[in-house]
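Engineer: Here you go, one structure.
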Amino acid sequence: MPAGEAEVFLLEAGVSIERLAKAALARVNPVLLVELSSRQDDALLHLAGATSLPKKLRTVGAQGAIDRLRKMEVLPVKDEELDTLIQLRNGVAHLGTSVPEDFLEPFVEAVCLLLNHMDLDHAEFWGHWSDLVRVVLDDRADRLQKSVRLRLQQASSRARARFTDMPEGTSDRLASLVAQRGLVVVEVDQAGGPLFQALTRCPACQTEAAALFLRATTTALLFDLELAAEGLWCDLCQLHLATTEEVGLAGLPTSARYTAEDLIQIGLQGSVAAMDVVSYAMRRLPEDSF
């Protein structure tokens, strides 16, 4: 989840559940929205259709609405993640050791149960987020697989929103301006080996704008470089992959072979870095027969 958006998601997810839960109660009978903890005669009469709208109408809170739906067997009786999400929305709980992604699945599951109860079309409700919802609910995928697939969906949605109203080919023209082509040395780490950057097609927005970061393995010989993918960043859709496994789950090769001749420039570390790279590429390993 992008930095700075965690609190927004937690707030809006909680509000969404509250409103949908109240809509589900009202669909059965508007009187179910009346809060019983205080004197609500005016609200009761209005929601029963007996009087006009009172000056002050107070309805049941989010947790109260969920509790009633549980008694109606619309929602599971026990769902600690959903309860915590509502508490976070109300500001009476702290995120603690959890992360916002922990609450995405219970949020989606609760919404889908409420949609089922109200006989509402899921595809119409979720709109272009339908694919993302299917990813969240896929019980065949582990947490990392879901995380990568969600990031791909989100990045793809960002790209569509950004370029939908622009002339055809705008994204490709922009990619040609921002993309760094060729094999570039990003840094030289004597312990871990040089880090390179190479251009690749983004698996989310499908433009040639993604920077694939590659690390030289210990088996690199002479000018023949066997590089392992360690991450990816796309300037156009802000897709970020942080590990070799994530790169593979996104459908990209996790290794690539280059030669020193593929280097088009050296990064900010200048000629010293260039000498280090050449030395690394041409070093003789103990088992070499040359």
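Chain labels run A, B, ... following the order of the structure tokens; each chain numbers its residues from 1, and ligands are numbered from 1 in the order shown.
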Among stretch 121-245 of chain A, which ones does DSSP assign to strand (DSSP E) (computed from the backbone)? Answer as an MDAnalysis selection string.
Structural biologist: chainID A and resid 183:187 195:200 210:216 224:234 240:241
Engineer: With only C-alpha atoms as the counted atoms, please give the residues lying no more than 12 Å from A:Gly61, apart from itself and same-chain residues fewer than 3 positions off, as a list in words.
Structural biologist: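 After dropping sequence-adjacent residues, the list is Gly14, Val15, Ile17, Glu18, Arg19, Ala21, Lys22, Leu32, Leu33, Val34, Glu35, Leu36, Ser37, Arg58, Gly64, Ala65, Ile66, Asp67, Arg68, Ile86, Gln87, Arg89 and Asn90 of chain A.
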Engineer: I'd like the interatomic distance between atom CA of A:Ala159 and atom CA of A:Ser130, to a tenth of an Å.
Structural biologist: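 So the answer is 16.6 Å.
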Engineer: Contacts of A:Ser16 at 10 Å or less, counting only C-alpha atoms, minus same-chain residues fewer than 6 places along, as a PDB file with N, CA, C and O atoms, in the first residue's frame?
Structural biologist:
ATOM      1  N   LEU A  10      -7.886   2.579   6.106  1.00  0.00           N
ATOM      2  CA  LEU A  10      -8.522   2.100   7.323  1.00  0.00           C
ATOM      3  C   LEU A  10      -9.775   2.900   7.646  1.00  0.00           C
ATOM      4  O   LEU A  10     -10.798   2.344   8.055  1.00  0.00           O
ATOM      5  N   LYS A  22     -25.637  -0.693   7.512  1.00  0.00           N
ATOM      6  CA  LYS A  22     -26.898  -0.003   7.790  1.00  0.00           C
ATOM      7  C   LYS A  22     -27.869  -0.138   6.615  1.00  0.00           C
ATOM      8  O   LYS A  22     -29.090  -0.267   6.811  1.00  0.00           O
ATOM      9  N   ALA A  62     -21.722   1.634  14.044  1.00  0.00           N
ATOM     10  CA  ALA A  62     -21.192   0.605  13.145  1.00  0.00           C
ATOM     11  C   ALA A  62     -21.148  -0.761  13.827  1.00  0.00           C
ATOM     12  O   ALA A  62     -21.586  -1.768  13.259  1.00  0.00           O
ATOM     13  N   PHE A 107     -12.231  -7.085   5.094  1.00  0.00           N
ATOM     14  CA  PHE A 107     -13.072  -6.009   4.561  1.00  0.00           C
ATOM     15  C   PHE A 107     -13.817  -6.477   3.316  1.00  0.00           C
ATOM     16  O   PHE A 107     -15.044  -6.335   3.208  1.00  0.00           O
ATOM     17  N   VAL A 111     -17.927  -7.155   2.879  1.00  0.00           N
ATOM     18  CA  VAL A 111     -18.701  -6.443   1.853  1.00  0.00           C
ATOM     19  C   VAL A 111     -19.434  -7.433   0.953  1.00  0.00           C
ATOM     20  O   VAL A 111     -20.618  -7.256   0.637  1.00  0.00           O
TER      21      VAL A 111
END
Engineer: Please provide as a list in words all residues within 9 Å of A:Trp129, with the sequence filter that same-chain residues fewer than 4 positions apart are discarded (counting only C-alpha atoms).
Structural biologist: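 Residues near the query, excluding close chain neighbours: Ala123, Val133, Arg134, Gln153, Gln154 and Ser157 of chain A.
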Engineer: Kindly save the residues from that selection, with N, CA, C and O atoms included, as a short mmCIF file (atom, residue, chain, number, x, y, z; two decimals), in the first residue's frame.
Structural biologist:
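Saved to again-v3.cif:
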data_model
loop_
_atom_site.label_atom_id
_atom_site.label_comp_id
_atom_site.auth_asym_id
_atom_site.auth_seq_id
_atom_site.Cartn_x
_atom_site.Cartn_y
_atom_site.Cartn_z
N ALA A 123 -20.18 -7.42 -9.54
CA ALA A 123 -19.41 -6.75 -10.59
C ALA A 123 -19.83 -5.29 -10.73
O ALA A 123 -18.98 -4.40 -10.89
N VAL A 133 -10.61 -7.70 -6.28
CA VAL A 133 -11.40 -8.45 -5.30
C VAL A 133 -11.22 -9.94 -5.48
O VAL A 133 -11.09 -10.70 -4.51
N ARG A 134 -11.19 -10.39 -6.73
CA ARG A 134 -10.97 -11.82 -6.99
C ARG A 134 -9.61 -12.27 -6.47
O ARG A 134 -9.46 -13.39 -5.96
N GLN A 153 -2.42 -5.03 -9.99
CA GLN A 153 -3.75 -4.51 -10.28
C GLN A 153 -3.84 -3.01 -9.98
O GLN A 153 -4.39 -2.23 -10.75
N GLN A 154 -3.28 -2.61 -8.84
CA GLN A 154 -3.33 -1.20 -8.45
C GLN A 154 -2.53 -0.34 -9.42
O GLN A 154 -2.98 0.74 -9.82
N SER A 157 -4.39 -0.01 -12.66
CA SER A 157 -5.50 0.93 -12.51
C SER A 157 -5.01 2.37 -12.52
O SER A 157 -5.65 3.25 -13.12
#
Engineer: Tell me, in Å to one decimal, how far atom CA of A:Ala179 is from atom CA of A:Ala209.
Structural biologist: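 For atom CA of A:Ala179 relative to atom CA of A:Ala209, the distance reads 4.9 Å.
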Engineer: Which parts of stretch 118-238 of chain A does DSSP call helix (DSSP H, G or I) when run on the backbone here, written out as number ranges by chain?
Structural biologist: A: 122-137, 143-163, 170-178
